[in-house]
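Working notes, beginning with the structure itself.
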Amino acid sequence: MTLPLHLVAGLEMATLPQQVANGILLGSIYALIALGYTMVYGVLKLINFAHGEVFMLGAYSALFASWWLGYTPNNALSGSSPLNLFLMLGFSMFACSVVGVVIERFAYRPMRSQPRIASLITAIGLSLLLQYGGQLFLPSAPAPNIDSKVNPYQGNVEIPLKPKDGAFVAKAEESAKLATVSKEAFDTYIKTSGRDPFNLDNEGLALRNASQEKEREAKALLDKASDSGLSISLPKGQLIMFFTTLVLMAILRYIVLYTRRGRAMRAVSHDFDSAALMGINVNSIVTFTFILGSALAGAGAMMNATFLSGTKIDTFFGMLPGVKAFVAAVLGGIGNIPGAVLGGLLMGVAETLVVWAGYDAYRDAVAFVILIVVLLFRPGGLLGSAKVEKV
Amino acid sequence: MAGGPAKFWLVRIGSIALAVAACLLLESFAKGQSSFVQRLMLLAGLYVTLAVSLNLINGITGQFSIGHAAFYQVGAYTSGFLAAQMYAKSGLVGAPWLVVVMLAGALAACLAGLLVGLPSLRLRGDYLAIVTLGFGEIIRIVVQNQQQLGGAYGMNVRPLIQNVAVVWLLAILCIAVCRNLLKTAQGLRFLAVREDEIASSAMGVNVTRIKVTAFVIGSAFAGAAGALLAHFEGFVSPAMFTMDLSFIILTMVVLGGTGSITGSALAAVVLFYLPEKMRDLPNIPMANVIAGLISTVVAVAIVKRAVDTVHDRKARIPRYALAAGASLLTFFALGLILSKAPGVSVAPSIEGAKLRLVVFAITLVVLMLLRPQGVFAHHEFSWSWVNKMLGKKDVPQTEVAA
């Protein structure tokens with residue numbers, strides 16, 4: 001029995017599950033960044049344009065941490081340990097929190113009494129400043145993932161979705177056995193006759209052709225057997241990344257829903273002025289929000305630089321992920337925490353599917369298309385309440 | 001206004017003649033200059049057009065568009081495409097051909113503006129900003145993937161026409177349209193939309209229509225400017241129209257004062273010329289760059305405190321002097337210390353050209369912190385203002401901008 005997944009409209013449907021899985025892994029990074037956008041928007045009603053640059057600085061922190069741990073491009077250590085990765089993650093999260101707090105304290109807080117557009121322009125200015133000003137001081141360097149020894153989790157994990165057809169597998173095994181037998185016969189012939197394999201007599205040629213024929217047959221049967229099943233293979237590092245993301249999100253959920261500060265955060269997000277009147281230290285809550293959001297961006301940046309395939313880190317590293325994560329936040333409903341996660345995953349899947357469909361030139365444009373469609377037809381996002389100002 | 005219709009038309013025709021004469025004078029002046037100076041004059045004119053046209057959208061109508069480079073690009077590519085298809089057949093040369101491509105570029109950008117504006121102008125504030133940014137990027141990426149438009153490599157545009165007069169006439173036309181618009185009842189509707197959308201719609205203003213009109217007019221001028229750009233650069237590519245360009249135009253409008261035509265035009269010239277000048281700077285040692293950044297922070301901190309705490313403007317002057325002194329002192333002291341510091345002294349020095357966008361970014365942030373309404377705020381240049389400055393008696397005139 002064969003699967004009904006053939007070439008449909010020129011697309012290789014059998015690779016669809018693999019693409020969706022890749023998209024979800026990519027989307028988990030977008031989700032981490034989107035959480036920062038959505039939380040800051042929730043409490044301050046400000047689009048933190050500089051969040052992508054916080055992400056960029058997080059990638060640099062991870063890079064510098066890996067250098068301090070000894071993984072300089074010229075100095076290949078023999079291997080890594082989860083502890084090193086953990087140190088990189090921690091440093092990156094810490095550095096990003098500091099950057100987030102500094103940005104909030106010195107750029108956004110003085111703007112709070114001004115119209116929202118003024119804050120937005122400040123955010124754009126900061127983003128440009130970090131991109132171009134950073135260029136003066138920060139090197140453009142290969143990402144840690146190039147030096148694969150930073151990442152101890154090499155190789156792929158196969159996840160079977162549908163078992164292979166037993167009959168095909170048996171046939172393939174049998175044929176493989178036959179191929180081995182005929183290969184051995186050829187080898188012993190070479191050994192006993194002492195002939196040069198490139199200068200064979202008729203008997204040798206016959207044996208060799210038979211062996212090659214069997215081998216081809218075995219390979220074709222093996223392909224058929226593996227086609228009868230369906231499995232996806234995922235890099236181990238990216239799976240670790242995905243589970244770390246889940247853990248971080250669980251921690252965030254706990255903080256927001258079950259702690260005093262989380263409750264204060266929700267109150268500030270609900271009504272800034274009333275929260276202040278109720279005795280909540282609004283400034284400290286805003287700072288706390290920036291710490292949480294930036295730390296998540298830092299974690300995302302470290303994992304992006306270590307586990308996802310990328311080439312180099314420069315000061316524009318955060319621009320596209322930042323924009324895509326912002327779109328993810330809007331898609332899920334800005335200000336809504338589960339929405340940001342959902343939006344991030346959907347963005348990742350949308351991006352890989354666009355590439356899969358053969359439009360890889362448009363992989364960055366798809367984010368904007370989604371953004372515009374969402375804003376025009378469902379401005380509140382998928383999970384958000386539709387309270388966007390309209391005329 | 002005093003005077004009959006005769007005086008009215010005299011003033012009108014006189015100003016047009018004056019503008020044309022000034023542009024022709026500029027052109028004859030440019031002829032004698034090096035090609036670099038000519039280029040500067042051409043680009044400055046285009047930036048004035050871009051800034052004033054964005055000011056119509058962002059300043060006068062109070063919308064927040066940050067995708068202006070896209071319309072500039074539409075104009076540039078339209079004129080490039082038209083030149084490739086039609087130039088040989090048209091039989092036009094020089095300025096008349098420029099006028100034709102300008103109109104074509106404006107028309108194409110107009111349509112693009114309508115396409116972008118109609119759906120997105122329902123949104124407000126930061127959402128509108130993001131959508132215009134998104135549309136800008138989409139237009140750029142789509143053009144980048146059109147092989148008949150040269151793809152990512154861009155395309156050559158022939159003929160090369162460097163006509164300073166036409167460029168500056170466009171700038172003056174743009175300024176005149178915006179200024180005169182504000183003197184009409186229609187123009188007051190634009191201002192009303194900026195001040196309060198709900199109230200103005202209650203007063204019978206068709207808010208969406210006003211916004212789309214502003215957007216389309218602004219886009220059209222950007223498109224016309226793009227058409228001229230294509231013909232004097234002789235080349236267009238998607239890399240010329242990135243988000244950075246939109247942010248640069250935005251900085252000009254914000255610096256000049258959102259809503260002030262005078263401010264936008266002046267800021268466009270200053271913000272275009274200063275960074276161009278920075279290309280000529282010799283390499284700057286790392287120590288001086290760091291010292292410069294830190295002394296800027298010091299100056300901004302002192303001025304910010306003065307602005308926040310001292311309400312009498314005259315009483316702020318000693319604080320400004322203090323800020324200048326402190327930042328100069330910081331600059332020299334830090335420069336001296338850092339140039340001896342082990343890590344910094346060996347760091348490679350930095351090219352002046354690399355600092356251009358840093359200057360834009362710092363301008364934006366510092367401006368927002370110290371004077372978010374921009375240098376000119378809503379004020380415009382007027383003769384009564386000059387007279388007041390010169391100590392003469394104020395000549396009564398109808399004041400339009402609030």
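As shown in the structure tokens, the chain order sets the letters A, B, ...; within each chain, residues go from 1, and ligands are also counted from 1 in the order they appear.
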
Query raised in the report: Within 10 Å of chain B, which residues of chain A show up when using only C-alpha atoms, listed as a PyMOL selection string?
Result: chain A and resi 45-47+106-108+110-111+114-137+323+326-327+330+361-373+375-377+379+388-391

**Report entry** Near-Phe232 (chain B) list (8 Å; only C-alpha atoms; drop same-chain fewer than 6 positions) as a ChimeraX atom specification
**Finding:** /B:160-163
